[in-house]
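Have a look at the structure below before the remarks.
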Amino acid sequence: MSSIKDNLDAVELQIYNACLQANRERSSVELLAVSKTKPIELIEQAYHYGQRAFGENYVQEVSDKAQQLAHLQDIVWHFIGPIQSNKTRQIAQHCHWVHSVDRAKIITRLNDHRYSHDTPLNVCLQVNISEEASKSGATVEEVYELAELVAQSNYLVLRGLMAIPEKDNADESFAKMNALYNSLKDQYNSVDTLSMGMSGDLTSAIRHGSTMVRIGTAIFGRRD
Ligand SMILES: *Cc1c(COP(=O)(O)O)cnc(C)c1O
């Protein structure tokens with residue numbers, strides 16, 4: 001069985017090579033370690049080897065883990081799962097980032113629940129770029145209006161966009177996301193994050209401009 005250290009090294013090498021091929025600086029891509037369903041011992045190990053940003057999909061799980069690991073003061077929690085409106089308080093309370101914002105109601109509620117914090121909540125809008133009927137995410141047309149709503153929220157910062165493309169058309173979807181990201185970046189100075197690429201497609205995502213890859217399986221192993 002490979003260790004977290006070996007896995008992190010292997011992922012690092014993949015990111016390094018993808019940047020090299022794409023003629024990009026290694027520092028232009030951040031690694032988000034997706035630790036959903038994995039025990040805090042594995043998160044502590046990854047932290048020990050220098051990993052700081054962790055992604056979680058379930059509100060109760062991230063709340064518990066953030067409290068249990070509160071002594072790791074520079075750990076950064078990213079919420080990347082579907083958001084129910086009655087869970088926005090916990091997300092605003094325990095997370096530093098949220099990547100899966102796709103409707104106005106969620107934006108308003110996250111802002112309302114973040115007011116008592118010293119720092120604003122970092123927000124990426126999730127785009128349903130492959131236009132899958134069953135998937136969460138805003139349409140391309142909705143993005144601009146939602147972006148403006150985030151930009152006008154005092155306790156939120158608009159950082160960028162997130163997508164989980166369909167496997168069949170991932171390359172094309174990454175390219176579309178990159179174009180949308182660049183146009184948003186032209187409008188908002190705070191935009192600096194294009195969250196796309198997972199264990200199976202990080203090289204393609206980096207070729208298409210990803211600035212944050214969300215990697216679970218390749219670091220922590222398969223989930224049940
Ligand atoms: C689970 C998950 C990931 C990580 O996927 P892997 O294939 O395990 O790397 C990334 N992004 C989101 C939104 C996820 O839900």
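Residue numbering restarts at 1 for every chain of the structure tokens, chains are lettered A, B, ... in their displayed order, and ligands are numbered from 1 as they appear.
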Could you list, with a cut-off of 7 Å and counting only C-alpha atoms and all ligand atoms, the residues of chain A near ligand 1, each shown with its nearest atom pair and the distance in Å rounded to one decimal, rows sorted by chain and ascending number, as CSV?
residue,atom,partner,partner_atom_place_in_ligand_line,distance
A:Val34,CA,ligand 1,4 (C),5.5
A:Lys36,CA,ligand 1,1 (C),6.9
A:Asn57,CA,ligand 1,15 (O),6.0
A:Ile80,CA,ligand 1,13 (C),5.0
A:Gly81,CA,ligand 1,13 (C),5.8
A:Ile164,CA,ligand 1,13 (C),6.4
A:Met198,CA,ligand 1,9 (O),4.2
A:Ser199,CA,ligand 1,9 (O),3.7
A:Gly200,CA,ligand 1,7 (O),6.0
A:Arg214,CA,ligand 1,10 (C),4.6
A:Ile215,CA,ligand 1,9 (O),3.7
A:Gly216,CA,ligand 1,8 (O),3.5
A:Thr217,CA,ligand 1,8 (O),3.7
A:Ala218,CA,ligand 1,9 (O),6.1
Env of stretch 157-160 of chain A: 12 Å cut, atoms = only C-alpha atoms, seq-sep filter 2 positions within chain, self excluded. Answer as a PyMOL selection string.
chain A and resi 96-101+107+110-111+114+119-127+143-144+146-155+162-163+177-178+180-196+210-212
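Closest to A:Asn128 among A:Ala170, A:Ala53, A:Cys95, A:Ala205 is A:Ala170, based on only C-alpha atoms.
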Quick one: pick out all alpha helix (DSSP H) residues within stretch 28-78 of chain A from a backbone DSSP run and write them as a VMD selection string.
chain A and resid 40 to 48 59 to 68
Residues at most 8 Å from A:Ser85, counting only C-alpha atoms, excluding those fewer than 6 positions away in the same chain, as an MDAnalysis selection string?
chainID A and resid 105:106 109
Go ahead and dump the residues you just picked, N, CA, C and O atoms, as a short mmCIF file (atom, residue, chain, number, x, y, z; two decimals), in the first residue's frame.
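Final output, again-v8.cif:
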data_model
loop_
_atom_site.label_atom_id
_atom_site.label_comp_id
_atom_site.auth_asym_id
_atom_site.auth_seq_id
_atom_site.Cartn_x
_atom_site.Cartn_y
_atom_site.Cartn_z
N LYS A 105 -30.10 32.44 -3.87
CA LYS A 105 -30.50 32.21 -2.48
C LYS A 105 -29.32 31.77 -1.61
O LYS A 105 -29.19 32.19 -0.46
N ILE A 106 -28.47 30.93 -2.18
CA ILE A 106 -27.31 30.44 -1.44
C ILE A 106 -26.32 31.59 -1.18
O ILE A 106 -25.73 31.70 -0.10
N ARG A 109 -27.68 33.81 1.63
CA ARG A 109 -27.61 33.15 2.94
C ARG A 109 -26.17 33.03 3.43
O ARG A 109 -25.89 33.24 4.62
#
Calculate how many Å separate atom CA of A:Ile219 from atom CA of A:Ala33, rounding to one decimal.
7.1 Å
Pick from A:Val29, A:Ala92, A:Ala22, A:Leu42 nearest to A:His208, counting only C-alpha atoms
A:Ala22
Residue list (strand (DSSP E), DSSP) for stretch 77-189 of chain A, as a list in words
Trp77, His78, Phe79, Trp97, Val98, His99, Ser100, Val101, Leu121, Asn122, Val123, Cys124, Leu125, Gln126, Leu156, Val157, Leu158, Arg159, Gly160, Leu161 and Met162 of chain A
Smallest atom-to-atom distance to A:Gln45: which of A:Thr88, A:Ser136, A:Asn7, A:Thr203, using only C-alpha atoms?
A:Asn7
Near-A:Lys5 list (9 Å; only C-alpha atoms; drop same-chain fewer than 2 positions) as a CSV table (one decimal) with N, CA and C atoms, in the first residue's frame:
chain,number,residue,atom,x,y,z
A,2,SER,N,0.5,2.2,-0.9
A,2,SER,CA,1.4,3.4,-0.9
A,2,SER,C,1.0,4.4,0.2
A,3,SER,N,1.9,5.1,0.6
A,3,SER,CA,1.7,6.1,1.7
A,3,SER,C,1.2,7.4,1.1
A,7,ASN,N,1.9,9.3,-2.4
A,7,ASN,CA,0.9,9.7,-3.3
A,7,ASN,C,1.0,11.2,-3.5
A,8,LEU,N,1.2,12.0,-2.5
A,8,LEU,CA,1.4,13.4,-2.7
A,8,LEU,C,2.6,13.7,-3.6
A,9,ASP,N,3.6,13.0,-3.5
A,9,ASP,CA,4.8,13.2,-4.4
A,9,ASP,C,4.4,12.9,-5.8
A,10,ALA,N,3.7,11.8,-6.0
A,10,ALA,CA,3.3,11.4,-7.4
A,10,ALA,C,2.3,12.4,-8.0
A,45,GLN,N,-1.7,13.4,8.4
A,45,GLN,CA,-0.5,13.0,7.7
A,45,GLN,C,-0.2,13.9,6.5
A,46,ALA,N,-1.2,14.2,5.7
A,46,ALA,CA,-1.0,15.1,4.5
A,46,ALA,C,-0.5,16.5,5.0
A,49,TYR,N,3.0,16.6,5.8
A,49,TYR,CA,3.9,16.7,4.6
A,49,TYR,C,3.7,18.0,3.9
A,219,ILE,N,-4.6,10.8,-3.9
A,219,ILE,CA,-3.9,11.1,-2.7
A,219,ILE,C,-4.3,10.2,-1.6
For a quick check of understanding, using only C-alpha atoms, which of A:Arg52, A:Lys38, A:His78, A:His117 has the smallest distance to A:Gln93?
A:His117
For A:Ser173, find every residue with an atom within 8 Å (counting only C-alpha atoms), except residues of its own chain fewer than 5 positions away, and show them as a list in words.
Ile129, Ser130 and Pro165 of chain A
